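Asks: Questions regarding the structure given below will be posed in turn.
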Amino acid sequence: MDLVVGLDAGGTSTRALVLDLDGTRLGQGVAGGANPNSHPPNVAAAHIGEALAEALDGLDSRKVRSGVLGMAGATKLADPAIFDLFHDAWTHAGLHCPMRVVTDIEAAFATGTSSPDGTALVAGTGSIAGRIAGHRMVAQSGGYGWLIGDDGSAFWLGREAVRATLKLLDLDAPLEGLATAVLTAAGAKNRGQLINVVNDRPPIALAKFAPLVSSAYHHGDPEALSIVANAARLLADTATAVRDPSDTSPIVLVGSLIKTPVGTRLKEELLARCNAQVIMATEGAAGAAWLAAVDVLGPDAPRPSRS
């Protein structure tokens with residue numbers, strides 16, 4: 001029985017999925033983030049190996065005919081030293097097929113549709129959109145990383161939550177639910193402690209405050225309502241930047257924010273702006289695995305079964 005494997009490596013987590021050529025799920029694995037822009041490359045590569053080992057447990061890795069690694073920060077693998085780290089993790093997992101690396105955008109689009117053309121938007125720890133033609137990304141918007149971009153992402157949400165809290169503290173204003181939650185999560189009691197806690201951690205750790213925004217949004221917190229609306233607008237801007245106004249090809253949304261209030265508002269925003277189907281997908285590894293199956297069977301490869 002021939003197999004294929006797909007991985008979705010993001011800033012927060014890495015997921016691996018093993019399918020047979022009928023699209024049946026046979027194994028899956030989860031590990032920490034493997035974006036080499038957000039984590040030391042050796043740590044990121046180790047997480048690839050962990051996810052593969054879990055997904056392939058009990059299966060014959062020699063039967064894997066094709067594998068696709070969809071990842072944020074894929075351009076980092078142009079560095080031979082970093083590529084070797086990831087390739088070593090691939091081979092140590094028992095894989096003998098080539099490691100085909102695609103962007104997380106290409107894997108995300110394939111998750112939601114078998115159409116060869118359209119737009120994909122990843123809204124997770126970071127954010128990026130790409131125009132897809134023939135299953136390949138031909139143009140992109142965003143994806144600049146936390147320091148100079150990632151508008152609307154989980155990192156952005158967390159940063160805005162902390163900023164909103166600090167502004168209220170500066171004004172000595174009554175603290176709403178979001179601000180209280182931020183202080184509690186940070187283990188801080190005042191402005192100075194919050195600043196110190198945030199600056200003492202890696203910048204990407206701000207993404208951990210993002211769920212607090214969703215929770216406060218559901219309780220009507222005004223700061224959270226504003227942050228969510230702005231995030232949806234910024235993400236929609238990122239997606240539409242790679243589309244012509246007359247484009248009717250599908251838009252696929254994927255990433256950790258898609259099942260949150262941001263994702264709901266984002267879909268509404270895109271439907272208002274674009275004459276296109278908007279598909280909310282949740283599993284980039286399934287798209288990567290389907291692309292691996294396409295390498296073996298062609299574009300009529302069966303779609304992965306649902307988990």
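The chains in the structure tokens are called A, B, ... from first to last as shown; in each chain the residues are counted from 1, and the ligands are counted from 1 in the order shown.
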Excluding A:Phe83 and any residue of its chain fewer than 3 positions from it, enumerate the residues within 12 Å of it, using only C-alpha atoms, and give them as a ChimeraX atom specification.
Replies: /A:36,41-42,44-45,69,73-80,86-90,99-101
Asks: Only C-alpha atoms, please: the residues just picked out, written as a compact mmCIF listing (two decimals), in the first residue's frame.
Replies:
# COMPACT_ATOMS: atom_id res chain seq x y z
CA PRO A 36 12.75 28.91 11.13
CA PRO A 41 16.49 26.34 12.86
CA ASN A 42 17.68 23.32 14.83
CA ALA A 44 12.29 23.99 14.09
CA ALA A 45 13.81 20.98 12.31
CA LEU A 69 6.40 20.09 3.56
CA GLY A 73 9.43 30.70 6.39
CA ALA A 74 10.08 28.32 3.49
CA THR A 75 12.58 30.75 1.94
CA LYS A 76 14.92 30.07 4.87
CA LEU A 77 15.58 26.64 3.38
CA ALA A 78 17.49 28.33 0.57
CA ASP A 79 20.33 28.35 3.10
CA PRO A 80 22.05 24.95 2.58
CA PHE A 86 15.32 19.79 7.86
CA HIS A 87 16.40 17.11 5.40
CA ASP A 88 18.16 15.22 8.20
CA ALA A 89 14.93 15.28 10.23
CA TRP A 90 13.09 13.99 7.14
CA MET A 99 11.33 16.40 0.56
CA ARG A 100 9.32 18.81 -1.59
CA VAL A 101 9.01 22.16 0.15
Asks: From the DSSP assignment of the backbone, select every residue of stretch 46-291 of chain A that is helix (DSSP H, G or I), and format the answer as a ChimeraX atom specification.
Replies: /A:46-56,61-63,74-78,80-92,104-112,154-170,177-186,191-200,203-218,222-240,261-273,284-291
Asks: Please list as a ChimeraX atom specification every residue within 10 Å of A:Ala185, counting only C-alpha atoms and excluding residues in the same chain fewer than 5 positions away.
Replies: /A:179-180,194,208-209,212
Asks: Residues as selected, C-alpha atoms, written as a CSV table (one decimal), in the first residue's frame, can you do that?
Replies:
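So result25.csv came out as:
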chain,number,residue,atom,x,y,z
A,179,ALA,CA,-7.2,44.6,30.2
A,180,THR,CA,-7.8,42.6,33.4
A,194,LEU,CA,3.5,44.4,32.3
A,208,LYS,CA,-0.3,33.9,23.4
A,209,PHE,CA,-2.5,36.9,24.4
A,212,LEU,CA,-7.9,36.7,25.4
Asks: Pick out the residues sitting within 7 Å of A:Gly6, and hand them over as JSON, numbers by chain; count only C-alpha atoms, and ignore anything fewer than 2 positions along from it in its own chain.
Replies: {"A": [4, 8, 16, 17, 18, 67, 68, 69, 285, 286, 288, 289, 292]}
Asks: How about saving the chosen residues, N, CA, C and O atoms kept, as a compact mmCIF listing (two decimals), in the first residue's frame?
Replies:
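What ended up in selection.txt:
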# COMPACT_ATOMS: atom_id res chain seq x y z
N VAL A 4 1.43 8.67 1.16
CA VAL A 4 1.96 10.02 0.98
C VAL A 4 1.92 10.71 2.33
O VAL A 4 1.14 10.33 3.22
N ASP A 8 2.25 20.64 7.75
CA ASP A 8 1.97 22.07 7.83
C ASP A 8 2.77 22.60 9.00
O ASP A 8 2.47 22.31 10.16
N ALA A 16 1.56 16.81 10.97
CA ALA A 16 1.91 15.87 9.90
C ALA A 16 0.73 14.93 9.69
O ALA A 16 0.05 14.54 10.64
N LEU A 17 0.52 14.56 8.43
CA LEU A 17 -0.60 13.68 8.09
C LEU A 17 -0.12 12.66 7.06
O LEU A 17 0.53 13.02 6.07
N VAL A 18 -0.45 11.39 7.30
CA VAL A 18 -0.12 10.30 6.37
C VAL A 18 -1.42 9.78 5.77
O VAL A 18 -2.38 9.49 6.49
N GLY A 67 6.20 13.19 -0.49
CA GLY A 67 5.98 14.00 0.71
C GLY A 67 6.12 15.47 0.41
O GLY A 67 6.98 15.88 -0.38
N VAL A 68 5.26 16.27 1.01
CA VAL A 68 5.29 17.72 0.83
C VAL A 68 5.33 18.40 2.19
O VAL A 68 4.52 18.09 3.07
N LEU A 69 6.27 19.28 2.35
CA LEU A 69 6.40 20.09 3.56
C LEU A 69 5.94 21.50 3.23
O LEU A 69 6.61 22.23 2.51
N ALA A 285 -2.07 20.64 6.76
CA ALA A 285 -1.38 19.37 6.50
C ALA A 285 -2.15 18.54 5.48
O ALA A 285 -1.55 17.80 4.68
N ALA A 286 -3.49 18.64 5.47
CA ALA A 286 -4.28 17.90 4.50
C ALA A 286 -4.02 18.41 3.09
O ALA A 286 -3.96 17.63 2.13
N ALA A 288 -1.18 19.82 2.08
CA ALA A 288 0.16 19.36 1.71
C ALA A 288 0.13 17.90 1.31
O ALA A 288 0.78 17.48 0.34
N ALA A 289 -0.64 17.08 2.05
CA ALA A 289 -0.73 15.66 1.71
C ALA A 289 -1.40 15.45 0.36
O ALA A 289 -1.01 14.56 -0.41
N ALA A 292 1.00 16.08 -2.30
CA ALA A 292 1.89 14.92 -2.44
C ALA A 292 1.21 13.83 -3.25
O ALA A 292 1.85 13.16 -4.08
Asks: Return as a Markdown table the residues of stretch 88-157 of chain A lying at most 8 Å from stretch 47-64 of chain A, together with the closest atom-to-atom pair for each and the distance in Å to one decimal, counting only C-alpha atoms, with rows in chain order and ascending residue number.
Replies:
| residue | atom | partner | partner_atom | distance |
| --- | --- | --- | --- | --- |
| A:Ala89 | CA | A:Gly49 | CA | 4.8 |
| A:Trp90 | CA | A:Gly49 | CA | 6.3 |
| A:His92 | CA | A:Gly49 | CA | 7.4 |
| A:Ala93 | CA | A:Ala53 | CA | 5.7 |
| A:Gly94 | CA | A:Ser61 | CA | 5.5 |
| A:Leu95 | CA | A:Ser61 | CA | 5.7 |
| A:His96 | CA | A:Arg62 | CA | 6.6 |
| A:Cys97 | CA | A:Val64 | CA | 6.8 |
Asks: I'd like the contact shell of A:Ala188 - 12 Å cut-off, only C-alpha atoms, skipping same-chain residues fewer than 6 positions apart - returned as a ChimeraX atom specification.
Replies: /A:162,165-166,179-182,194-198
Asks: Write to file, as a tab-separated table (two decimals), in the first residue's frame, the residues of the selection just made, with N, CA and C atoms.
Replies:
chain	number	residue	atom	x	y	z
A	162	VAL	N	-2.08	44.07	24.50
A	162	VAL	CA	-1.16	44.66	25.48
A	162	VAL	C	-1.15	46.17	25.35
A	165	THR	N	-4.22	47.68	26.86
A	165	THR	CA	-4.13	47.62	28.32
A	165	THR	C	-3.24	48.73	28.85
A	166	LEU	N	-2.11	48.93	28.21
A	166	LEU	CA	-1.18	49.98	28.66
A	166	LEU	C	-1.79	51.37	28.52
A	179	ALA	N	-8.36	44.06	29.47
A	179	ALA	CA	-7.19	44.56	30.19
A	179	ALA	C	-6.92	43.74	31.44
A	180	THR	N	-7.96	43.41	32.15
A	180	THR	CA	-7.79	42.58	33.35
A	180	THR	C	-7.22	41.22	33.00
A	181	ALA	N	-7.73	40.64	31.91
A	181	ALA	CA	-7.24	39.33	31.49
A	181	ALA	C	-5.78	39.38	31.07
A	182	VAL	N	-5.37	40.46	30.39
A	182	VAL	CA	-3.97	40.61	29.97
A	182	VAL	C	-3.06	40.67	31.18
A	194	LEU	N	3.93	44.93	33.55
A	194	LEU	CA	3.48	44.42	32.26
A	194	LEU	C	4.52	44.69	31.18
A	195	ILE	N	5.06	45.90	31.17
A	195	ILE	CA	6.09	46.23	30.18
A	195	ILE	C	7.30	45.31	30.33
A	196	ASN	N	7.72	45.09	31.55
A	196	ASN	CA	8.89	44.25	31.78
A	196	ASN	C	8.64	42.80	31.37
A	197	VAL	N	7.48	42.28	31.72
A	197	VAL	CA	7.17	40.89	31.39
A	197	VAL	C	7.17	40.69	29.88
A	198	VAL	N	6.52	41.59	29.16
A	198	VAL	CA	6.42	41.46	27.71
A	198	VAL	C	7.79	41.57	27.05
Asks: How far is it from atom CA of A:Ala107 to atom CA of A:Gly149, in Å with one decimal?
Replies: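 These two atoms are separated by 21.2 Å.
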Asks: At a cut-off of 7 Å, using only C-alpha atoms, what residues contact A:Ala276? Leave out same-chain residues fewer than 4 positions from it and give the result as a PyMOL selection string.
Replies: chain A and resi 248-251
Asks: Write a file of the selected residues as a PDB file, in the first residue's frame, keeping all heavy atoms.
Replies:
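Listed below is the output, result_27.pdb:
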ATOM      1  N   THR A 248     -13.040  36.116  -9.846  1.00  0.00           N
ATOM      2  CA  THR A 248     -14.100  35.339  -9.190  1.00  0.00           C
ATOM      3  C   THR A 248     -13.603  33.985  -8.680  1.00  0.00           C
ATOM      4  O   THR A 248     -14.412  33.150  -8.269  1.00  0.00           O
ATOM      5  CB  THR A 248     -15.283  35.116 -10.153  1.00  0.00           C
ATOM      6  OG1 THR A 248     -14.816  34.390 -11.307  1.00  0.00           O
ATOM      7  CG2 THR A 248     -15.896  36.437 -10.583  1.00  0.00           C
ATOM      8  N   SER A 249     -12.295  33.748  -8.729  1.00  0.00           N
ATOM      9  CA  SER A 249     -11.744  32.473  -8.257  1.00  0.00           C
ATOM     10  C   SER A 249     -11.877  32.386  -6.740  1.00  0.00           C
ATOM     11  O   SER A 249     -12.010  33.397  -6.043  1.00  0.00           O
ATOM     12  CB  SER A 249     -10.275  32.346  -8.677  1.00  0.00           C
ATOM     13  OG  SER A 249      -9.502  33.372  -8.087  1.00  0.00           O
ATOM     14  N   PRO A 250     -11.862  31.164  -6.176  1.00  0.00           N
ATOM     15  CA  PRO A 250     -12.120  30.996  -4.741  1.00  0.00           C
ATOM     16  C   PRO A 250     -11.033  31.601  -3.854  1.00  0.00           C
ATOM     17  O   PRO A 250      -9.872  31.727  -4.252  1.00  0.00           O
ATOM     18  CB  PRO A 250     -12.181  29.480  -4.567  1.00  0.00           C
ATOM     19  CG  PRO A 250     -11.429  28.922  -5.722  1.00  0.00           C
ATOM     20  CD  PRO A 250     -11.658  29.873  -6.855  1.00  0.00           C
ATOM     21  N   ILE A 251     -11.455  31.954  -2.654  1.00  0.00           N
ATOM     22  CA  ILE A 251     -10.554  32.444  -1.609  1.00  0.00           C
ATOM     23  C   ILE A 251     -10.592  31.429  -0.472  1.00  0.00           C
ATOM     24  O   ILE A 251     -11.659  31.115   0.055  1.00  0.00           O
ATOM     25  CB  ILE A 251     -10.983  33.823  -1.082  1.00  0.00           C
ATOM     26  CG1 ILE A 251     -11.060  34.847  -2.220  1.00  0.00           C
ATOM     27  CG2 ILE A 251     -10.030  34.303   0.006  1.00  0.00           C
ATOM     28  CD1 ILE A 251     -11.682  36.174  -1.799  1.00  0.00           C
TER      29      ILE A 251
END
Asks: Find the distance between atom CA of A:Ile128 and atom CA of A:Gly33 and write it in Å to one decimal.
Replies: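 Separation of atom CA of A:Ile128 and atom CA of A:Gly33: 16.7 Å.
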Asks: Of the residues A:Thr111, A:Asp295, A:Trp146, A:Leu121, which is the one nearest to A:Leu270, using only C-alpha atoms?
Replies: A:Leu121
Asks: Could you find all residues in stretch 51-224 of chain A that DSSP calls strand (DSSP E) from the backbone, and write them as a PyMOL selection string?
Replies: chain A and resi 64-71+99-103+118-123+127-133+136-142
Asks: Just checking: using only C-alpha atoms, which residue out of A:Gly118, A:Gly10, A:Pro202, A:Gly220 ends up closest to A:Gly255?
Replies: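 Closest residue, counting only C-alpha atoms: A:Gly10.
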Asks: May I ask for the distance between atom CA of A:Gly263 and atom CA of A:Ala123, given in Å to one decimal place?
Replies: 8.3 Å
Asks: Extract, using only C-alpha atoms, all DNA, RNA and protein residues at most 12 Å from A:Tyr144, discarding same-chain residues fewer than 2 positions from it, and format them as a PyMOL selection string.
Replies: chain A and resi 37-38+72-73+75+126-129+140-142+146-151+153+238
Asks: Output N, CA and C atoms of each residue in that selection to a file, as a PDB file, in the first residue's frame.
Replies:
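part.pdb was written with the following content:
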ATOM      1  N   ASN A  37      11.956  31.231  10.977  1.00  0.00           N
ATOM      2  CA  ASN A  37      12.044  32.656  11.282  1.00  0.00           C
ATOM      3  C   ASN A  37      11.638  32.947  12.721  1.00  0.00           C
ATOM      4  N   SER A  38      10.824  32.061  13.291  1.00  0.00           N
ATOM      5  CA  SER A  38      10.320  32.260  14.649  1.00  0.00           C
ATOM      6  C   SER A  38      11.054  31.434  15.689  1.00  0.00           C
ATOM      7  N   ALA A  72       5.600  27.967   6.785  1.00  0.00           N
ATOM      8  CA  ALA A  72       5.909  29.381   6.905  1.00  0.00           C
ATOM      9  C   ALA A  72       7.425  29.512   7.005  1.00  0.00           C
ATOM     10  N   GLY A  73       7.973  30.524   6.364  1.00  0.00           N
ATOM     11  CA  GLY A  73       9.427  30.696   6.392  1.00  0.00           C
ATOM     12  C   GLY A  73      10.158  29.764   5.467  1.00  0.00           C
ATOM     13  N   THR A  75      11.411  30.181   2.619  1.00  0.00           N
ATOM     14  CA  THR A  75      12.581  30.750   1.942  1.00  0.00           C
ATOM     15  C   THR A  75      13.862  30.542   2.743  1.00  0.00           C
ATOM     16  N   GLY A 126       1.359  34.342  12.249  1.00  0.00           N
ATOM     17  CA  GLY A 126       1.644  35.423  11.309  1.00  0.00           C
ATOM     18  C   GLY A 126       0.513  35.524  10.301  1.00  0.00           C
ATOM     19  N   SER A 127       0.707  36.338   9.263  1.00  0.00           N
ATOM     20  CA  SER A 127      -0.322  36.467   8.227  1.00  0.00           C
ATOM     21  C   SER A 127       0.341  36.703   6.876  1.00  0.00           C
ATOM     22  N   ILE A 128      -0.248  36.073   5.850  1.00  0.00           N
ATOM     23  CA  ILE A 128       0.261  36.209   4.493  1.00  0.00           C
ATOM     24  C   ILE A 128      -0.827  35.747   3.532  1.00  0.00           C
ATOM     25  N   ALA A 129      -0.882  36.375   2.367  1.00  0.00           N
ATOM     26  CA  ALA A 129      -1.806  35.958   1.318  1.00  0.00           C
ATOM     27  C   ALA A 129      -1.020  35.719   0.043  1.00  0.00           C
ATOM     28  N   GLN A 140       2.357  37.483  -3.878  1.00  0.00           N
ATOM     29  CA  GLN A 140       2.043  37.417  -2.457  1.00  0.00           C
ATOM     30  C   GLN A 140       1.924  38.801  -1.859  1.00  0.00           C
ATOM     31  N   SER A 141       1.259  38.848  -0.711  1.00  0.00           N
ATOM     32  CA  SER A 141       1.077  40.079   0.050  1.00  0.00           C
ATOM     33  C   SER A 141       1.266  39.742   1.513  1.00  0.00           C
ATOM     34  N   GLY A 142       1.962  40.582   2.233  1.00  0.00           N
ATOM     35  CA  GLY A 142       2.221  40.313   3.641  1.00  0.00           C
ATOM     36  C   GLY A 142       3.304  39.267   3.798  1.00  0.00           C
ATOM     37  N   TRP A 146       6.958  39.228  12.169  1.00  0.00           N
ATOM     38  CA  TRP A 146       6.376  40.003  13.262  1.00  0.00           C
ATOM     39  C   TRP A 146       6.942  41.414  13.370  1.00  0.00           C
ATOM     40  N   LEU A 147       8.199  41.613  13.000  1.00  0.00           N
ATOM     41  CA  LEU A 147       8.830  42.911  13.238  1.00  0.00           C
ATOM     42  C   LEU A 147       8.281  43.993  12.323  1.00  0.00           C
ATOM     43  N   ILE A 148       7.994  43.653  11.068  1.00  0.00           N
ATOM     44  CA  ILE A 148       7.578  44.679  10.106  1.00  0.00           C
ATOM     45  C   ILE A 148       6.233  44.380   9.444  1.00  0.00           C
ATOM     46  N   GLY A 149       5.540  43.345   9.893  1.00  0.00           N
ATOM     47  CA  GLY A 149       4.278  43.031   9.233  1.00  0.00           C
ATOM     48  C   GLY A 149       3.382  42.159  10.088  1.00  0.00           C
ATOM     49  N   ASP A 150       2.828  41.114   9.470  1.00  0.00           N
ATOM     50  CA  ASP A 150       1.906  40.182  10.122  1.00  0.00           C
ATOM     51  C   ASP A 150       0.649  40.880  10.627  1.00  0.00           C
ATOM     52  N   ASP A 151       0.164  41.853   9.858  1.00  0.00           N
ATOM     53  CA  ASP A 151      -1.034  42.583  10.246  1.00  0.00           C
ATOM     54  C   ASP A 151      -2.229  41.651  10.399  1.00  0.00           C
ATOM     55  N   SER A 153      -2.647  39.250  12.471  1.00  0.00           N
ATOM     56  CA  SER A 153      -2.289  37.903  12.924  1.00  0.00           C
ATOM     57  C   SER A 153      -2.485  37.745  14.426  1.00  0.00           C
ATOM     58  N   THR A 238      -4.958  42.394   3.030  1.00  0.00           N
ATOM     59  CA  THR A 238      -3.851  41.533   2.613  1.00  0.00           C
ATOM     60  C   THR A 238      -4.299  40.585   1.507  1.00  0.00           C
TER      61      THR A 238
END
Asks: Between A:Leu297, A:Ile279, A:Ala173, A:Ala139, which residue has the minimum interatomic distance to A:Ser115, considering only C-alpha atoms?
Replies: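 Of A:Leu297, A:Ile279, A:Ala173, A:Ala139, the one nearest A:Ser115, counting only C-alpha atoms, is A:Ile279.
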